[in-house]
$ cat query_34.cif   # mmCIF, C-alpha atoms
data_entry
#
loop_
_atom_site.group_PDB
_atom_site.id
_atom_site.type_symbol
_atom_site.label_atom_id
_atom_site.label_comp_id
_atom_site.auth_asym_id
_atom_site.auth_seq_id
_atom_site.Cartn_x
_atom_site.Cartn_y
_atom_site.Cartn_z
ATOM 1 C CA MET M 235 0.000 0.000 0.000
ATOM 2 C CA VAL M 236 2.861 2.376 0.785
ATOM 3 C CA ILE M 237 4.404 1.714 -2.643
ATOM 4 C CA LEU M 238 1.052 2.288 -4.338
ATOM 5 C CA ALA M 239 0.543 5.483 -2.340
ATOM 6 C CA TYR M 240 3.926 6.798 -3.465
ATOM 7 C CA SER M 241 3.125 5.780 -7.050
ATOM 8 C CA LEU M 242 -0.146 7.705 -6.896
ATOM 9 C CA GLY M 243 1.705 10.633 -5.375
ATOM 10 C CA ALA M 244 4.244 10.545 -8.210
ATOM 11 C CA VAL M 245 1.416 10.770 -10.745
ATOM 12 C CA GLY M 246 0.013 13.782 -8.898
ATOM 13 C CA LEU M 247 3.440 15.403 -8.826
ATOM 14 C CA GLY M 248 3.859 14.909 -12.540
ATOM 15 C CA ILE M 249 0.420 16.294 -13.355
ATOM 16 C CA ASN M 250 0.848 19.404 -11.209
ATOM 17 C CA ALA M 251 4.387 20.095 -12.394
ATOM 18 C CA TRP M 252 3.509 19.621 -16.087
ATOM 19 C CA PHE M 253 0.320 21.666 -16.031
ATOM 20 C CA ALA M 254 1.919 24.477 -14.034
ATOM 21 C CA TRP M 255 4.811 24.440 -16.536
ATOM 22 C CA SER M 256 2.367 24.817 -19.440
ATOM 23 C CA ARG M 257 0.859 27.956 -17.868
ATOM 24 C CA GLY M 258 4.105 29.949 -18.057
ATOM 25 C CA SER M 259 4.766 32.386 -20.893
ATOM 26 C CA SER M 260 8.577 32.377 -20.673
ATOM 27 C CA LEU M 261 11.177 29.892 -19.465
ATOM 28 C CA PRO M 262 11.687 31.542 -16.028
ATOM 29 C CA ASP M 263 7.903 31.691 -15.562
ATOM 30 C CA LYS M 264 7.557 28.031 -16.515
ATOM 31 C CA VAL M 265 10.291 26.987 -14.090
ATOM 32 C CA LEU M 266 8.816 28.975 -11.204
ATOM 33 C CA LEU M 267 5.239 27.814 -11.793
ATOM 34 C CA SER M 268 6.311 24.200 -12.261
ATOM 35 C CA SER M 269 8.375 24.348 -9.068
ATOM 36 C CA LEU M 270 5.409 25.803 -7.200
ATOM 37 C CA GLY M 271 3.117 23.047 -8.446
ATOM 38 C CA PHE M 272 5.653 20.335 -7.594
ATOM 39 C CA ILE M 273 6.378 21.638 -4.088
ATOM 40 C CA ALA M 274 2.714 22.244 -3.229
ATOM 41 C CA GLU M 275 1.799 18.730 -4.340
ATOM 42 C CA ALA M 276 4.698 17.206 -2.390
ATOM 43 C CA VAL M 277 3.798 19.061 0.817
ATOM 44 C CA MET M 278 0.143 18.070 0.450
ATOM 45 C CA PHE M 279 1.152 14.426 -0.076
ATOM 46 C CA PHE M 280 3.026 14.162 3.221
ATOM 47 C CA LEU M 281 0.942 16.584 5.284
ATOM 48 C CA LEU M 282 -1.892 14.181 6.169
ATOM 49 C CA SER M 283 0.482 11.587 7.588
ATOM 50 C CA GLN M 284 2.316 14.301 9.490
ATOM 51 C CA ALA M 285 -0.964 15.702 10.833
ATOM 52 C CA LYS M 286 -1.950 12.264 12.075
ATOM 53 C CA ALA M 287 1.393 11.875 13.848
ATOM 54 C CA LEU M 288 0.971 15.314 15.441
ATOM 55 C CA TRP M 289 -2.473 14.329 16.707
ATOM 56 C CA VAL M 290 -1.138 11.115 18.235
ATOM 57 C CA CYS M 291 1.684 13.078 19.879
ATOM 58 C CA ARG M 292 -0.900 15.555 21.222
ATOM 59 C CA GLN M 293 0.700 18.524 19.476
ATOM 60 C CA ARG M 294 -2.615 20.257 18.961
ATOM 61 C CA GLY M 295 -1.248 23.592 17.768
ATOM 62 C CA SER M 296 0.826 22.066 14.968
ATOM 63 C CA PHE M 297 -2.071 19.772 14.096
ATOM 64 C CA ALA M 298 -4.373 22.805 13.733
ATOM 65 C CA VAL M 299 -1.855 24.503 11.409
ATOM 66 C CA ALA M 300 -1.691 21.365 9.264
ATOM 67 C CA CYS M 301 -5.508 21.263 9.102
ATOM 68 C CA ILE M 302 -5.539 24.862 7.870
ATOM 69 C CA VAL M 303 -2.745 24.485 5.300
ATOM 70 C CA TRP M 304 -3.825 21.162 3.773
ATOM 71 C CA PRO M 305 -7.191 22.323 2.287
ATOM 72 C CA VAL M 306 -5.431 25.270 0.626
ATOM 73 C CA LEU M 307 -2.873 22.977 -0.972
ATOM 74 C CA PHE M 308 -5.571 20.471 -1.890
ATOM 75 C CA VAL M 309 -7.656 23.067 -3.745
ATOM 76 C CA PHE M 310 -4.552 24.338 -5.561
ATOM 77 C CA ALA M 311 -3.628 20.787 -6.603
ATOM 78 C CA LEU M 312 -7.194 20.071 -7.711
ATOM 79 C CA THR M 313 -7.260 23.109 -10.008
ATOM 80 C CA ASN M 314 -4.080 21.942 -11.729
ATOM 81 C CA SER M 315 -5.382 18.382 -11.967
ATOM 82 C CA LEU M 316 -8.690 19.642 -13.383
ATOM 83 C CA GLY M 317 -6.863 21.706 -15.988
ATOM 84 C CA PHE M 318 -4.692 18.744 -16.969
ATOM 85 C CA ALA M 319 -7.627 16.321 -17.266
ATOM 86 C CA SER M 320 -9.951 18.685 -19.121
ATOM 87 C CA PHE M 321 -7.228 19.798 -21.555
ATOM 88 C CA ASN M 322 -6.180 16.263 -22.476
ATOM 89 C CA LEU M 323 -9.731 14.934 -22.760
ATOM 90 C CA SER M 324 -10.651 17.864 -24.983
ATOM 91 C CA GLU M 325 -7.594 17.390 -27.187
ATOM 92 C CA ALA M 326 -8.239 13.655 -27.586
ATOM 93 C CA ASN M 327 -11.913 14.197 -28.428
ATOM 94 C CA THR M 328 -11.029 16.893 -30.958
ATOM 95 C CA VAL M 329 -8.604 14.586 -32.752
ATOM 96 C CA ARG M 330 -11.169 11.782 -32.884
ATOM 97 C CA ALA M 331 -13.948 14.162 -33.964
ATOM 98 C CA GLU M 332 -11.868 15.375 -36.910
ATOM 99 C CA ARG M 333 -11.022 11.930 -38.256
ATOM 100 C CA ILE M 334 -11.959 11.191 -41.863
ATOM 101 C CA THR M 335 -14.492 8.377 -42.160
ATOM 102 C CA PRO M 336 -15.750 6.894 -45.465
ATOM 103 C CA ALA M 337 -18.987 8.899 -45.094
ATOM 104 C CA VAL M 338 -17.072 12.145 -44.604
ATOM 105 C CA ALA M 339 -14.735 11.342 -47.507
ATOM 106 C CA ASP M 340 -17.669 10.600 -49.830
ATOM 107 C CA ALA M 341 -19.485 13.791 -48.822
ATOM 108 C CA GLN M 342 -16.320 15.843 -49.316
ATOM 109 C CA ARG M 343 -15.704 14.281 -52.740
ATOM 110 C CA ARG M 344 -19.264 15.024 -53.889
ATOM 111 C CA LEU M 345 -18.952 18.613 -52.666
ATOM 112 C CA ASP M 346 -15.663 19.078 -54.524
ATOM 113 C CA ILE M 347 -17.176 17.766 -57.769
ATOM 114 C CA LEU M 348 -20.263 19.966 -57.470
ATOM 115 C CA SER M 349 -18.163 23.023 -56.595
ATOM 116 C CA ALA M 350 -15.977 22.506 -59.665
ATOM 117 C CA SER M 351 -19.039 22.014 -61.887
ATOM 118 C CA ARG M 352 -20.761 25.066 -60.447
ATOM 119 C CA ALA M 353 -17.654 27.204 -60.943
ATOM 120 C CA SER M 354 -17.392 26.327 -64.634
ATOM 121 C CA GLU M 355 -21.126 26.420 -65.361
ATOM 122 C CA CYS M 356 -21.818 29.706 -63.583
ATOM 123 C CA LEU M 357 -19.499 31.760 -65.780
ATOM 124 C CA LYS M 358 -22.819 32.550 -67.382
ATOM 125 C CA ARG M 359 -25.790 32.216 -65.075
ATOM 126 C CA GLY M 360 -28.694 30.061 -66.145
ATOM 127 C CA ASP M 361 -31.031 27.340 -64.966
ATOM 128 C CA LYS M 362 -28.255 24.735 -64.791
ATOM 129 C CA CYS M 363 -26.063 27.114 -62.796
ATOM 130 C CA ARG M 364 -28.811 27.699 -60.270
ATOM 131 C CA GLN M 365 -29.463 23.958 -60.020
ATOM 132 C CA LEU M 366 -25.787 23.271 -59.373
ATOM 133 C CA GLU M 367 -25.720 25.974 -56.698
ATOM 134 C CA LYS M 368 -28.668 24.317 -54.996
ATOM 135 C CA GLU M 369 -27.010 20.886 -55.164
ATOM 136 C CA GLU M 370 -23.783 22.372 -53.819
ATOM 137 C CA GLN M 371 -25.609 23.756 -50.782
ATOM 138 C CA GLN M 372 -27.193 20.349 -50.199
ATOM 139 C CA ALA M 373 -23.761 18.742 -50.450
ATOM 140 C CA ILE M 374 -22.387 21.213 -47.888
ATOM 141 C CA GLU M 375 -25.204 20.277 -45.518
ATOM 142 C CA SER M 376 -24.550 16.573 -46.083
ATOM 143 C CA LEU M 377 -20.866 17.066 -45.276
ATOM 144 C CA ARG M 378 -21.790 18.983 -42.135
ATOM 145 C CA GLU M 379 -24.092 16.174 -41.027
ATOM 146 C CA ALA M 380 -21.433 13.527 -41.701
ATOM 147 C CA ARG M 381 -18.898 15.443 -39.603
ATOM 148 C CA ALA M 382 -21.485 15.917 -36.838
ATOM 149 C CA GLN M 383 -22.061 12.166 -36.799
ATOM 150 C CA VAL M 384 -18.340 11.551 -36.399
ATOM 151 C CA SER M 385 -18.166 14.138 -33.637
ATOM 152 C CA SER M 386 -21.067 12.547 -31.749
ATOM 153 C CA THR M 387 -19.195 9.217 -31.635
ATOM 154 C CA ALA M 388 -15.805 10.716 -30.777
ATOM 155 C CA ASP M 389 -16.095 9.484 -27.185
ATOM 156 C CA PRO M 390 -17.945 6.141 -27.250
ATOM 157 C CA GLN M 391 -17.060 5.344 -23.627
ATOM 158 C CA ILE M 392 -19.462 7.854 -22.081
ATOM 159 C CA ALA M 393 -22.253 7.078 -24.544
ATOM 160 C CA SER M 394 -21.926 3.348 -23.849
ATOM 161 C CA ALA M 395 -21.841 3.952 -20.084
ATOM 162 C CA ALA M 396 -25.100 5.912 -20.245
ATOM 163 C CA LYS M 397 -26.770 3.154 -22.260
ATOM 164 C CA LEU M 398 -25.447 0.494 -19.878
ATOM 165 C CA ILE M 399 -26.914 2.191 -16.802
ATOM 166 C CA THR M 400 -30.250 2.619 -18.565
ATOM 167 C CA TRP M 401 -30.251 -1.070 -19.491
ATOM 168 C CA MET M 402 -29.153 -2.290 -16.041
ATOM 169 C CA SER M 403 -31.792 -0.160 -14.291
ATOM 170 C CA GLN M 404 -34.461 -1.401 -16.702
ATOM 171 C CA ASP M 405 -35.165 2.143 -17.908
ATOM 172 C CA ARG M 406 -35.555 3.552 -14.399
ATOM 173 C CA PHE M 407 -32.527 5.832 -14.787
ATOM 174 C CA HIS M 408 -31.588 7.741 -17.910
ATOM 175 C CA PRO M 409 -28.230 9.441 -17.351
ATOM 176 C CA SER M 410 -26.917 11.462 -20.260
ATOM 177 C CA ALA M 411 -23.500 11.196 -21.851
ATOM 178 C CA ASP M 412 -22.693 14.575 -20.312
ATOM 179 C CA ASP M 413 -23.359 13.141 -16.837
ATOM 180 C CA PHE M 414 -20.741 10.444 -17.374
ATOM 181 C CA ALA M 415 -18.358 12.930 -18.924
ATOM 182 C CA MET M 416 -18.556 15.012 -15.733
ATOM 183 C CA LEU M 417 -18.154 11.910 -13.549
ATOM 184 C CA ARG M 418 -15.056 10.844 -15.456
ATOM 185 C CA LEU M 419 -13.627 14.347 -15.246
ATOM 186 C CA LEU M 420 -14.247 14.359 -11.484
ATOM 187 C CA LEU M 421 -12.476 11.028 -11.011
ATOM 188 C CA LEU M 422 -9.514 11.988 -13.192
ATOM 189 C CA THR M 423 -9.228 15.233 -11.234
ATOM 190 C CA LEU M 424 -9.597 13.742 -7.759
ATOM 191 C CA LEU M 425 -7.780 10.395 -7.864
ATOM 192 C CA PRO M 426 -4.214 11.695 -8.446
ATOM 193 C CA GLN M 427 -4.578 13.844 -5.317
ATOM 194 C CA LEU M 428 -5.465 10.968 -2.958
ATOM 195 C CA GLY M 429 -1.947 9.590 -2.600
ATOM 196 C CA GLY M 430 -1.437 11.341 0.727
ATOM 197 C CA LEU M 431 -4.659 9.870 2.111
ATOM 198 C CA VAL M 432 -3.638 6.372 1.006
ATOM 199 C CA LEU M 433 -0.215 6.889 2.599
ATOM 200 C CA MET M 434 -1.798 7.969 5.886
ATOM 201 C CA VAL M 435 -3.939 4.801 5.980
ATOM 202 C CA ALA M 436 -1.029 2.569 4.899
ATOM 203 C CA LYS M 437 1.188 3.877 7.700
ATOM 204 C CA GLN M 438 -1.420 3.295 10.390
ATOM 205 C CA ARG M 439 0.475 0.394 11.940
ATOM 206 C CA ASN M 440 3.601 2.473 12.308
ATOM 207 C CA LEU M 441 1.950 5.026 14.599
#
$ encode --input "query_34.cif" --output "structure tokens"
Amino acid sequence: MVILAYSLGAVGLGINAWFAWSRGSSLPDKVLLSSLGFIAEAVMFFLLSQAKALWVCRQRGSFAVACIVWPVLFVFALTNSLGFASFNLSEANTVRAERITPAVADAQRRLDILSASRASECLKRGDKCRQLEKEEQQAIESLREARAQVSSTADPQIASAAKLITWMSQDRFHPSADDFAMLRLLLLTLLPQLGGLVLMVAKQRNL
């Protein structure tokens, strides 16, 4: 458990240091912000175990200081973890939403053909020109719908989770995909910051 707690703490350290680094505008800013994120996460990781030891040793004043400092560090670490999780989930979904499927490729090809035909035919406007313009607009709409379909399936995990809960509850509960997206974001934000709590529990026998 101690090894796992330290492993979880190392993940939290990496997340806070990396995200704080990405917030800087220049190299000195990046170094300072990354150092702040790393140190704050490290102090928060050990502070719970230290607070427990202070309580056992009846050092109430120091214990009270630890109880005041830890929530501040925890909130700071959570904001960095939230930024890291939301940024990476958004980037991954964007990449998947922009992938080229056969339906998107076909719609794009039809639009390109109609655009080329409309450009050559509409040198002199007529009935055929107007018909091609209308077909081009329909092709644009078809391409938009094909891309929207790809975007809606960019994150199948949350859509499948919502369907699974609906099926398991026999239609009693109908969570949306957004509900599971928020739940996943919460877990990805919170879990890396629980290393200190796990360490405090793992060291119980030593106190």
$ resolve_selection --input "query_34.cif" --expression "the PyMOL selection byres ((chain M and resi 270) around 12)" --output "list of chain:residue names"
M:Leu247, M:Asn250, M:Ala251, M:Trp252, M:Phe253, M:Ala254, M:Trp255, M:Arg257, M:Gly258, M:Asp263, M:Lys264, M:Val265, M:Leu266, M:Leu267, M:Ser268, M:Ser269, M:Gly271, M:Phe272, M:Ile273, M:Ala274, M:Glu275, M:Ala276, M:Val277, M:Leu307, M:Phe310, M:Ala311, M:Asn314
$ write_last_selection --input "query_34.cif" --atoms "C-alpha atoms" --output "tab-separated table (two decimals), keeping the file's coordinate frame"
chain	number	residue	atom	x	y	z
M	247	LEU	CA	3.44	15.40	-8.83
M	250	ASN	CA	0.85	19.40	-11.21
M	251	ALA	CA	4.39	20.10	-12.39
M	252	TRP	CA	3.51	19.62	-16.09
M	253	PHE	CA	0.32	21.67	-16.03
M	254	ALA	CA	1.92	24.48	-14.03
M	255	TRP	CA	4.81	24.44	-16.54
M	257	ARG	CA	0.86	27.96	-17.87
M	258	GLY	CA	4.11	29.95	-18.06
M	263	ASP	CA	7.90	31.69	-15.56
M	264	LYS	CA	7.56	28.03	-16.52
M	265	VAL	CA	10.29	26.99	-14.09
M	266	LEU	CA	8.82	28.98	-11.20
M	267	LEU	CA	5.24	27.81	-11.79
M	268	SER	CA	6.31	24.20	-12.26
M	269	SER	CA	8.38	24.35	-9.07
M	271	GLY	CA	3.12	23.05	-8.45
M	272	PHE	CA	5.65	20.34	-7.59
M	273	ILE	CA	6.38	21.64	-4.09
M	274	ALA	CA	2.71	22.24	-3.23
M	275	GLU	CA	1.80	18.73	-4.34
M	276	ALA	CA	4.70	17.21	-2.39
M	277	VAL	CA	3.80	19.06	0.82
M	307	LEU	CA	-2.87	22.98	-0.97
M	310	PHE	CA	-4.55	24.34	-5.56
M	311	ALA	CA	-3.63	20.79	-6.60
M	314	ASN	CA	-4.08	21.94	-11.73
$ closest_residue --input "query_34.cif" --among "M:Leu366, M:Leu242, M:Ala436, M:Ala341" --to "M:Ala353" --atoms "all atoms listed in the file"
M:Leu366
$ resolve_selection --input "query_34.cif" --expression "the PyMOL selection byres ((chain M and resi 420) around 12)" --output "list in words"
Leu312, Thr313, Ser315, Leu316, Gly317, Phe318, Ala319, Ser320, Asp413, Phe414, Ala415, Met416, Leu417, Arg418, Leu419, Leu421, Leu422, Thr423, Leu424, Leu425, Pro426 and Gln427 of chain M
$ resolve_selection --input "query_34.cif" --expression "the PyMOL selection byres ((chain M and resi 429) around 10)" --output "PyMOL selection string"
chain M and resi 236+238-246+278-280+282+425-428+430-434
$ residues_around --input "query_34.cif" --residues "M:Arg378" --least-positions-apart "4" --cutoff "9 Å" --atoms "only C-alpha atoms" --output "short mmCIF file (atom, residue, chain, number, x, y, z; two decimals) with C-alpha atoms, in the frame of the given file"
data_model
loop_
_atom_site.label_atom_id
_atom_site.label_comp_id
_atom_site.auth_asym_id
_atom_site.auth_seq_id
_atom_site.Cartn_x
_atom_site.Cartn_y
_atom_site.Cartn_z
CA VAL M 338 -17.07 12.14 -44.60
CA ALA M 341 -19.48 13.79 -48.82
CA ALA M 373 -23.76 18.74 -50.45
CA ILE M 374 -22.39 21.21 -47.89
CA ALA M 382 -21.48 15.92 -36.84
CA GLN M 383 -22.06 12.17 -36.80
#
$ residues_near_point --input "query_34.cif" --point "(-21.4, 12.5, -47.6)" --cutoff "10 Å" --atoms "all atoms listed in the file" --output "PyMOL selection string"
chain M and resi 335-345+373-381
$ atom_distance --input "query_34.cif" --atom1 "atom CA of M:Gln365" --atom2 "atom CA of M:Ser351"
10.8 Å
$ atom_distance --input "query_34.cif" --atom1 "atom CA of M:Val309" --atom2 "atom CA of M:Ser410"
27.9 Å
$ atom_distance --input "query_34.cif" --atom1 "atom CA of M:Pro409" --atom2 "atom CA of M:Ile392"
10.1 Å
$ residues_around --input "query_34.cif" --residues "M:Ala411" --least-positions-apart "3" --cutoff "12 Å" --atoms "all atoms listed in the file" --output "number ranges by chain"
M: 386-400, 408, 414-418
$ build_atoms --input "query_34.cif" --residues "stretch 294-305 of chain M" --atoms "all heavy atoms" --output "mmCIF file, in the coordinates of the input"
data_model
loop_
_atom_site.group_PDB
_atom_site.id
_atom_site.type_symbol
_atom_site.label_atom_id
_atom_site.label_comp_id
_atom_site.auth_asym_id
_atom_site.auth_seq_id
_atom_site.Cartn_x
_atom_site.Cartn_y
_atom_site.Cartn_z
ATOM 1 N N ARG M 294 -1.386 19.739 19.518
ATOM 2 C CA ARG M 294 -2.615 20.257 18.961
ATOM 3 C C ARG M 294 -2.407 21.520 18.119
ATOM 4 O O ARG M 294 -3.094 21.726 17.131
ATOM 5 C CB ARG M 294 -3.617 20.550 20.088
ATOM 6 C CG ARG M 294 -3.961 19.336 20.949
ATOM 7 C CD ARG M 294 -4.683 18.270 20.133
ATOM 8 N NE ARG M 294 -5.171 17.197 20.982
ATOM 9 C CZ ARG M 294 -4.698 15.960 20.987
ATOM 10 N NH1 ARG M 294 -3.705 15.639 20.164
ATOM 11 N NH2 ARG M 294 -5.208 15.045 21.778
ATOM 12 N N GLY M 295 -1.487 22.368 18.532
ATOM 13 C CA GLY M 295 -1.248 23.592 17.768
ATOM 14 C C GLY M 295 -0.733 23.296 16.370
ATOM 15 O O GLY M 295 -1.249 23.833 15.380
ATOM 16 N N SER M 296 0.284 22.438 16.281
ATOM 17 C CA SER M 296 0.826 22.066 14.968
ATOM 18 C C SER M 296 -0.205 21.317 14.142
ATOM 19 O O SER M 296 -0.282 21.479 12.918
ATOM 20 C CB SER M 296 2.085 21.203 15.148
ATOM 21 O OG SER M 296 3.093 21.918 15.823
ATOM 22 N N PHE M 297 -1.015 20.495 14.801
ATOM 23 C CA PHE M 297 -2.071 19.772 14.096
ATOM 24 C C PHE M 297 -3.074 20.755 13.492
ATOM 25 O O PHE M 297 -3.520 20.579 12.352
ATOM 26 C CB PHE M 297 -2.780 18.814 15.060
ATOM 27 C CG PHE M 297 -3.975 18.140 14.463
ATOM 28 C CD1 PHE M 297 -3.826 17.051 13.625
ATOM 29 C CD2 PHE M 297 -5.267 18.595 14.742
ATOM 30 C CE1 PHE M 297 -4.932 16.428 13.062
ATOM 31 C CE2 PHE M 297 -6.373 17.978 14.191
ATOM 32 C CZ PHE M 297 -6.207 16.887 13.356
ATOM 33 N N ALA M 298 -3.429 21.808 14.243
ATOM 34 C CA ALA M 298 -4.373 22.805 13.733
ATOM 35 C C ALA M 298 -3.801 23.535 12.522
ATOM 36 O O ALA M 298 -4.513 23.808 11.555
ATOM 37 C CB ALA M 298 -4.711 23.794 14.843
ATOM 38 N N VAL M 299 -2.496 23.845 12.554
ATOM 39 C CA VAL M 299 -1.855 24.503 11.409
ATOM 40 C C VAL M 299 -1.914 23.599 10.178
ATOM 41 O O VAL M 299 -2.225 24.051 9.067
ATOM 42 C CB VAL M 299 -0.402 24.867 11.748
ATOM 43 C CG1 VAL M 299 0.323 25.371 10.495
ATOM 44 C CG2 VAL M 299 -0.358 25.929 12.841
ATOM 45 N N ALA M 300 -1.635 22.316 10.381
ATOM 46 C CA ALA M 300 -1.691 21.365 9.264
ATOM 47 C C ALA M 300 -3.101 21.286 8.682
ATOM 48 O O ALA M 300 -3.286 21.208 7.466
ATOM 49 C CB ALA M 300 -1.231 19.982 9.718
ATOM 50 N N CYS M 301 -4.112 21.330 9.561
ATOM 51 C CA CYS M 301 -5.508 21.263 9.102
ATOM 52 C C CYS M 301 -5.901 22.513 8.320
ATOM 53 O O CYS M 301 -6.802 22.460 7.478
ATOM 54 C CB CYS M 301 -6.435 21.087 10.299
ATOM 55 S SG CYS M 301 -6.320 19.453 11.070
ATOM 56 N N ILE M 302 -5.252 23.627 8.596
ATOM 57 C CA ILE M 302 -5.539 24.862 7.870
ATOM 58 C C ILE M 302 -4.813 24.885 6.524
ATOM 59 O O ILE M 302 -5.374 25.275 5.494
ATOM 60 C CB ILE M 302 -5.126 26.088 8.711
ATOM 61 C CG1 ILE M 302 -6.020 26.187 9.959
ATOM 62 C CG2 ILE M 302 -5.229 27.367 7.886
ATOM 63 C CD1 ILE M 302 -5.573 27.251 10.934
ATOM 64 N N VAL M 303 -3.572 24.423 6.511
ATOM 65 C CA VAL M 303 -2.745 24.485 5.300
ATOM 66 C C VAL M 303 -3.185 23.447 4.274
ATOM 67 O O VAL M 303 -3.214 23.731 3.068
ATOM 68 C CB VAL M 303 -1.257 24.295 5.665
ATOM 69 C CG1 VAL M 303 -0.404 24.171 4.401
ATOM 70 C CG2 VAL M 303 -0.770 25.461 6.521
ATOM 71 N N TRP M 304 -3.539 22.241 4.721
ATOM 72 C CA TRP M 304 -3.825 21.162 3.773
ATOM 73 C C TRP M 304 -4.966 21.488 2.810
ATOM 74 O O TRP M 304 -4.828 21.249 1.605
ATOM 75 C CB TRP M 304 -4.122 19.862 4.519
ATOM 76 C CG TRP M 304 -4.237 18.682 3.601
ATOM 77 C CD1 TRP M 304 -3.223 17.901 3.115
ATOM 78 C CD2 TRP M 304 -5.446 18.174 3.018
ATOM 79 N NE1 TRP M 304 -3.712 16.938 2.282
ATOM 80 C CE2 TRP M 304 -5.084 17.080 2.191
ATOM 81 C CE3 TRP M 304 -6.783 18.531 3.121
ATOM 82 C CZ2 TRP M 304 -6.018 16.340 1.483
ATOM 83 C CZ3 TRP M 304 -7.728 17.807 2.400
ATOM 84 C CH2 TRP M 304 -7.346 16.719 1.599
ATOM 85 N N PRO M 305 -6.122 22.014 3.261
ATOM 86 C CA PRO M 305 -7.191 22.323 2.287
ATOM 87 C C PRO M 305 -6.764 23.325 1.225
ATOM 88 O O PRO M 305 -7.188 23.233 0.064
ATOM 89 C CB PRO M 305 -8.319 22.889 3.170
ATOM 90 C CG PRO M 305 -8.074 22.327 4.516
ATOM 91 C CD PRO M 305 -6.585 22.260 4.641
#
